[in-house]
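Here is the structure we will look at.
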Amino acid sequence: MKALILAAGLGERMRPLTDATPKPLLAAGGKPLIVWHLERLAATGVREVVINTSWLAKQFPKALGDGSRWNLRIRYSHEGDTPLETGGGMWHALSLLGNAPFITVNGDIWTDFDFARLPRRPAGDAHLVLVDNPPHHTRGDFALADDGDVLDDGDRRLTFAGIGIYRASLFDDWRRTIGTAPGADADPPRFKLAPLLRAAMAEGQVTGEHHRGHWTDVGTPQRLAELDEMLGVTAGPRSEE
């Protein structure tokens with residue numbers, strides 16, 4: 001199985017930390033955020049990872065190389081100076097990912113989620129990981145039904161964790177779904193993922209699960225500092241027997 005790590009964002013809310021460093025390369029717990037993903041993906045059995053890049057793109061191959069140190073093969077999907085949004089970035093990377101289902105994870109989160117829990121072949125077009133709503137996003141994104149379907153609306157609303165497994169078929173009719181949204185006619189096209197997911201939800205093509213463990217959207221310098229402290233406490237000094 002292949003995986004895509006989304007790392008093309010501008011990191012505007014993280015400035016000045018991201019003036020010289022892309023957000024996924026910021027460190028927490030002694031290593032860059034993206035390295036935590038690479039380690040977990042490799043432990044799951046993933047051997048090929050695509051990383052999409054835009055802002056300060058040249059820093060990624062310098063920091064991560066070809067992935068051999070994690071027993072991975074890393075390839076880079078460069079989007080140019082303007083990121084293509086999540087949907088456009090995924091669509092742009094499909095030529096490197098192929099037609100088999102692939103894992104996607106946001107490069108600016110930290111989680112203890114075990115990627116091995118993801119279904120190798122989702123029942124529909126996508127299977128999403130959802131988490132409890134954090135204080136900065138209390139309304140949530142989607143609802144998780146008792147039968148495991150993810151819905152655009154409902155009573156049990158949770159936050160999309162930025163982790164999922166997708167089929168390339170999610171993008172089969174992307175242009176009709178996106179319509180005339182800004183960026184859709186650009187080359188390469190720039191568009192959000194959410195409209196495609198909502199269209200697939202309406203067809204009963206999206207399932208999901210609720211992760212109740214640790215998850216952090218590293219969207220501000222304060223959250224990065226809190227995560228760094230948490231990981232330091234979690235690791236802690238080893239006691240001598």
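Chain labels run A, B, ... following the order of the structure tokens; each chain numbers its residues from 1, and ligands are numbered from 1 in the order shown.
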
Q.
So that I can check the secondary structure, give me every residue of stretch 3-229 of chain A assigned strand (DSSP E or B) by backbone DSSP, as a ChimeraX atom specification.
A. /A:3-6,27-28,31-32,48-53,73-78,102-106,109-111,126-131,142-144,149-151,157-166,206-211,215-217

Q | Residues near A:Val129, cut-off 9 Å, only C-alpha atoms, skip fewer than 2 positions along chain, as a ChimeraX atom specification | A | /A:118,127,131,159-165,207-211

Those same residues, written as a compact mmCIF listing (two decimals), in the first residue's frame with C-alpha atoms?
```txt
# COMPACT_ATOMS: atom_id res chain seq x y z
CA LEU A 118 -7.42 1.28 8.38
CA HIS A 127 -12.83 5.68 4.90
CA VAL A 131 -11.87 12.49 16.50
CA THR A 159 -13.89 16.37 13.59
CA PHE A 160 -12.11 14.94 10.56
CA ALA A 161 -8.64 13.95 11.74
CA GLY A 162 -6.94 14.47 8.38
CA ILE A 163 -6.40 10.70 8.10
CA GLY A 164 -8.15 8.43 5.65
CA ILE A 165 -7.87 5.78 3.00
CA THR A 207 -17.32 5.07 5.99
CA GLY A 208 -15.39 6.03 9.09
CA GLU A 209 -14.23 5.30 12.59
CA HIS A 210 -13.83 7.24 15.82
CA HIS A 211 -10.29 7.51 17.18
```

Q | Counting only C-alpha atoms, the option among A:Thr180, A:Asn52, A:Thr138, A:Thr111 closest to A:Gly88 | A |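 Smallest separation from A:Gly88 among the options: A:Asn52.
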
Q: Find the distance between atom CA of A:Ile74 and atom CA of A:Ala43 and write it in Å to one decimal.
A: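 Answer for the atom CA of A:Ile74 to atom CA of A:Ala43 separation: 15.1 Å.
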
Q: Please provide the set of residues having any atom within 10 Å of A:Glu12, restricted to only C-alpha atoms, with same-chain residues fewer than 4 positions apart removed, written as number ranges by chain.
A: A: 16-19, 23, 219-220

Would you export the selected residues with N, CA, C and O atoms as an mmCIF file, in the first residue's frame, please?
```
data_model
loop_
_atom_site.group_PDB
_atom_site.id
_atom_site.type_symbol
_atom_site.label_atom_id
_atom_site.label_comp_id
_atom_site.auth_asym_id
_atom_site.auth_seq_id
_atom_site.Cartn_x
_atom_site.Cartn_y
_atom_site.Cartn_z
ATOM 1 N N PRO A 16 5.941 33.325 13.073
ATOM 2 C CA PRO A 16 7.122 33.329 12.204
ATOM 3 C C PRO A 16 7.847 31.981 12.112
ATOM 4 O O PRO A 16 8.856 31.878 11.422
ATOM 5 N N LEU A 17 7.329 30.923 12.781
ATOM 6 C CA LEU A 17 8.044 29.646 12.758
ATOM 7 C C LEU A 17 8.162 29.096 11.355
ATOM 8 O O LEU A 17 9.159 28.436 11.015
ATOM 9 N N THR A 18 7.162 29.364 10.516
ATOM 10 C CA THR A 18 7.173 28.811 9.167
ATOM 11 C C THR A 18 7.750 29.764 8.121
ATOM 12 O O THR A 18 7.676 29.487 6.934
ATOM 13 N N ASP A 19 8.325 30.864 8.569
ATOM 14 C CA ASP A 19 8.996 31.752 7.613
ATOM 15 C C ASP A 19 10.163 31.041 6.940
ATOM 16 O O ASP A 19 10.457 31.280 5.764
ATOM 17 N N LYS A 23 5.750 23.769 7.813
ATOM 18 C CA LYS A 23 5.137 23.300 9.051
ATOM 19 C C LYS A 23 5.380 21.816 9.339
ATOM 20 O O LYS A 23 5.684 21.456 10.479
ATOM 21 N N GLY A 219 -1.917 23.739 14.575
ATOM 22 C CA GLY A 219 -2.262 24.903 13.781
ATOM 23 C C GLY A 219 -1.734 26.225 14.297
ATOM 24 O O GLY A 219 -1.860 27.243 13.621
ATOM 25 N N THR A 220 -1.169 26.237 15.501
ATOM 26 C CA THR A 220 -0.632 27.474 16.066
ATOM 27 C C THR A 220 0.667 27.167 16.798
ATOM 28 O O THR A 220 0.891 26.025 17.214
#
```

Q. Any idea what's packed within 6 Å of stretch 96-110 of chain A, counting only C-alpha atoms, ignoring anything in its chain fewer than 4 positions away? Could you give it as number ranges by chain?
A. A: 2-7, 24, 34, 162-168, 215-218

Q: Just list the residues in stretch 78-181 of chain A DSSP gives helix (DSSP H, G or I) on the backbone, as a list in words.
A: Glu85, Thr86, Gly87, Gly88, Gly89, Met90, Trp91, His92, Ala93, Leu94, Ser95, Leu96, Leu97, Phe115, Ala116, Arg117, Ala168, Ser169, Leu170, Phe171, Trp174, Arg175, Arg176, Thr177 and Ile178 of chain A

Those selected residues, please, written with N, CA, C and O atoms and delivered as an mmCIF file, in the first residue's frame.
```
data_model
loop_
_atom_site.group_PDB
_atom_site.id
_atom_site.type_symbol
_atom_site.label_atom_id
_atom_site.label_comp_id
_atom_site.auth_asym_id
_atom_site.auth_seq_id
_atom_site.Cartn_x
_atom_site.Cartn_y
_atom_site.Cartn_z
ATOM 1 N N GLU A 85 -4.655 23.106 -2.783
ATOM 2 C CA GLU A 85 -5.691 22.704 -1.834
ATOM 3 C C GLU A 85 -5.637 21.183 -1.679
ATOM 4 O O GLU A 85 -4.932 20.485 -2.411
ATOM 5 N N THR A 86 -6.390 20.653 -0.738
ATOM 6 C CA THR A 86 -6.310 19.226 -0.450
ATOM 7 C C THR A 86 -6.781 18.369 -1.623
ATOM 8 O O THR A 86 -6.124 17.404 -2.012
ATOM 9 N N GLY A 87 -7.919 18.736 -2.205
ATOM 10 C CA GLY A 87 -8.429 17.952 -3.319
ATOM 11 C C GLY A 87 -7.526 18.019 -4.534
ATOM 12 O O GLY A 87 -7.200 16.992 -5.148
ATOM 13 N N GLY A 88 -7.120 19.222 -4.909
ATOM 14 C CA GLY A 88 -6.238 19.376 -6.053
ATOM 15 C C GLY A 88 -4.893 18.709 -5.840
ATOM 16 O O GLY A 88 -4.311 18.124 -6.762
ATOM 17 N N GLY A 89 -4.397 18.774 -4.597
ATOM 18 C CA GLY A 89 -3.122 18.136 -4.294
ATOM 19 C C GLY A 89 -3.185 16.626 -4.421
ATOM 20 O O GLY A 89 -2.270 15.982 -4.949
ATOM 21 N N MET A 90 -4.294 16.043 -3.944
ATOM 22 C CA MET A 90 -4.469 14.599 -4.070
ATOM 23 C C MET A 90 -4.613 14.198 -5.527
ATOM 24 O O MET A 90 -4.025 13.222 -5.985
ATOM 25 N N TRP A 91 -5.420 14.954 -6.274
ATOM 26 C CA TRP A 91 -5.627 14.654 -7.701
ATOM 27 C C TRP A 91 -4.295 14.743 -8.451
ATOM 28 O O TRP A 91 -3.986 13.894 -9.302
ATOM 29 N N HIS A 92 -3.507 15.751 -8.152
ATOM 30 C CA HIS A 92 -2.213 15.957 -8.812
ATOM 31 C C HIS A 92 -1.256 14.807 -8.520
ATOM 32 O O HIS A 92 -0.376 14.501 -9.347
ATOM 33 N N ALA A 93 -1.401 14.164 -7.366
ATOM 34 C CA ALA A 93 -0.481 13.095 -6.958
ATOM 35 C C ALA A 93 -0.932 11.712 -7.429
ATOM 36 O O ALA A 93 -0.196 10.732 -7.242
ATOM 37 N N LEU A 94 -2.119 11.607 -8.040
ATOM 38 C CA LEU A 94 -2.642 10.288 -8.409
ATOM 39 C C LEU A 94 -1.730 9.538 -9.369
ATOM 40 O O LEU A 94 -1.661 8.306 -9.333
ATOM 41 N N SER A 95 -1.024 10.254 -10.225
ATOM 42 C CA SER A 95 -0.137 9.567 -11.170
ATOM 43 C C SER A 95 0.984 8.829 -10.448
ATOM 44 O O SER A 95 1.531 7.851 -10.976
ATOM 45 N N LEU A 96 1.333 9.276 -9.247
ATOM 46 C CA LEU A 96 2.363 8.603 -8.452
ATOM 47 C C LEU A 96 1.762 7.559 -7.525
ATOM 48 O O LEU A 96 2.448 6.617 -7.115
ATOM 49 N N LEU A 97 0.487 7.705 -7.204
ATOM 50 C CA LEU A 97 -0.158 6.807 -6.246
ATOM 51 C C LEU A 97 -0.768 5.577 -6.914
ATOM 52 O O LEU A 97 -0.887 4.529 -6.287
ATOM 53 N N PHE A 115 -2.101 3.197 11.987
ATOM 54 C CA PHE A 115 -2.538 3.130 10.596
ATOM 55 C C PHE A 115 -2.935 1.710 10.183
ATOM 56 O O PHE A 115 -3.661 1.534 9.202
ATOM 57 N N ALA A 116 -2.478 0.719 10.913
ATOM 58 C CA ALA A 116 -2.834 -0.668 10.590
ATOM 59 C C ALA A 116 -4.326 -0.920 10.783
ATOM 60 O O ALA A 116 -4.864 -1.916 10.271
ATOM 61 N N ARG A 117 -5.019 -0.048 11.527
ATOM 62 C CA ARG A 117 -6.460 -0.209 11.740
ATOM 63 C C ARG A 117 -7.259 0.133 10.488
ATOM 64 O O ARG A 117 -8.424 -0.260 10.364
ATOM 65 N N ALA A 168 -9.040 6.026 -5.910
ATOM 66 C CA ALA A 168 -8.926 7.041 -6.952
ATOM 67 C C ALA A 168 -10.280 7.376 -7.560
ATOM 68 O O ALA A 168 -10.480 8.473 -8.094
ATOM 69 N N SER A 169 -11.245 6.454 -7.436
ATOM 70 C CA SER A 169 -12.582 6.689 -7.992
ATOM 71 C C SER A 169 -13.287 7.883 -7.359
ATOM 72 O O SER A 169 -14.243 8.414 -7.936
ATOM 73 N N LEU A 170 -12.830 8.315 -6.181
ATOM 74 C CA LEU A 170 -13.407 9.509 -5.561
ATOM 75 C C LEU A 170 -13.298 10.713 -6.487
ATOM 76 O O LEU A 170 -14.116 11.632 -6.428
ATOM 77 N N PHE A 171 -12.299 10.697 -7.362
ATOM 78 C CA PHE A 171 -12.029 11.842 -8.237
ATOM 79 C C PHE A 171 -12.578 11.660 -9.646
ATOM 80 O O PHE A 171 -12.342 12.515 -10.505
ATOM 81 N N TRP A 174 -14.797 14.678 -10.492
ATOM 82 C CA TRP A 174 -14.456 15.829 -9.673
ATOM 83 C C TRP A 174 -14.853 17.150 -10.327
ATOM 84 O O TRP A 174 -15.298 18.078 -9.657
ATOM 85 N N ARG A 175 -14.697 17.243 -11.639
ATOM 86 C CA ARG A 175 -14.958 18.528 -12.287
ATOM 87 C C ARG A 175 -16.441 18.917 -12.191
ATOM 88 O O ARG A 175 -16.774 20.086 -11.951
ATOM 89 N N ARG A 176 -17.343 17.956 -12.352
ATOM 90 C CA ARG A 176 -18.764 18.264 -12.212
ATOM 91 C C ARG A 176 -19.090 18.648 -10.777
ATOM 92 O O ARG A 176 -19.874 19.568 -10.529
ATOM 93 N N THR A 177 -18.460 17.949 -9.823
ATOM 94 C CA THR A 177 -18.736 18.236 -8.410
ATOM 95 C C THR A 177 -18.202 19.603 -8.006
ATOM 96 O O THR A 177 -18.880 20.357 -7.294
ATOM 97 N N ILE A 178 -17.020 19.937 -8.450
ATOM 98 C CA ILE A 178 -16.396 21.215 -8.071
ATOM 99 C C ILE A 178 -17.028 22.376 -8.819
ATOM 100 O O ILE A 178 -17.154 23.485 -8.295
#
```
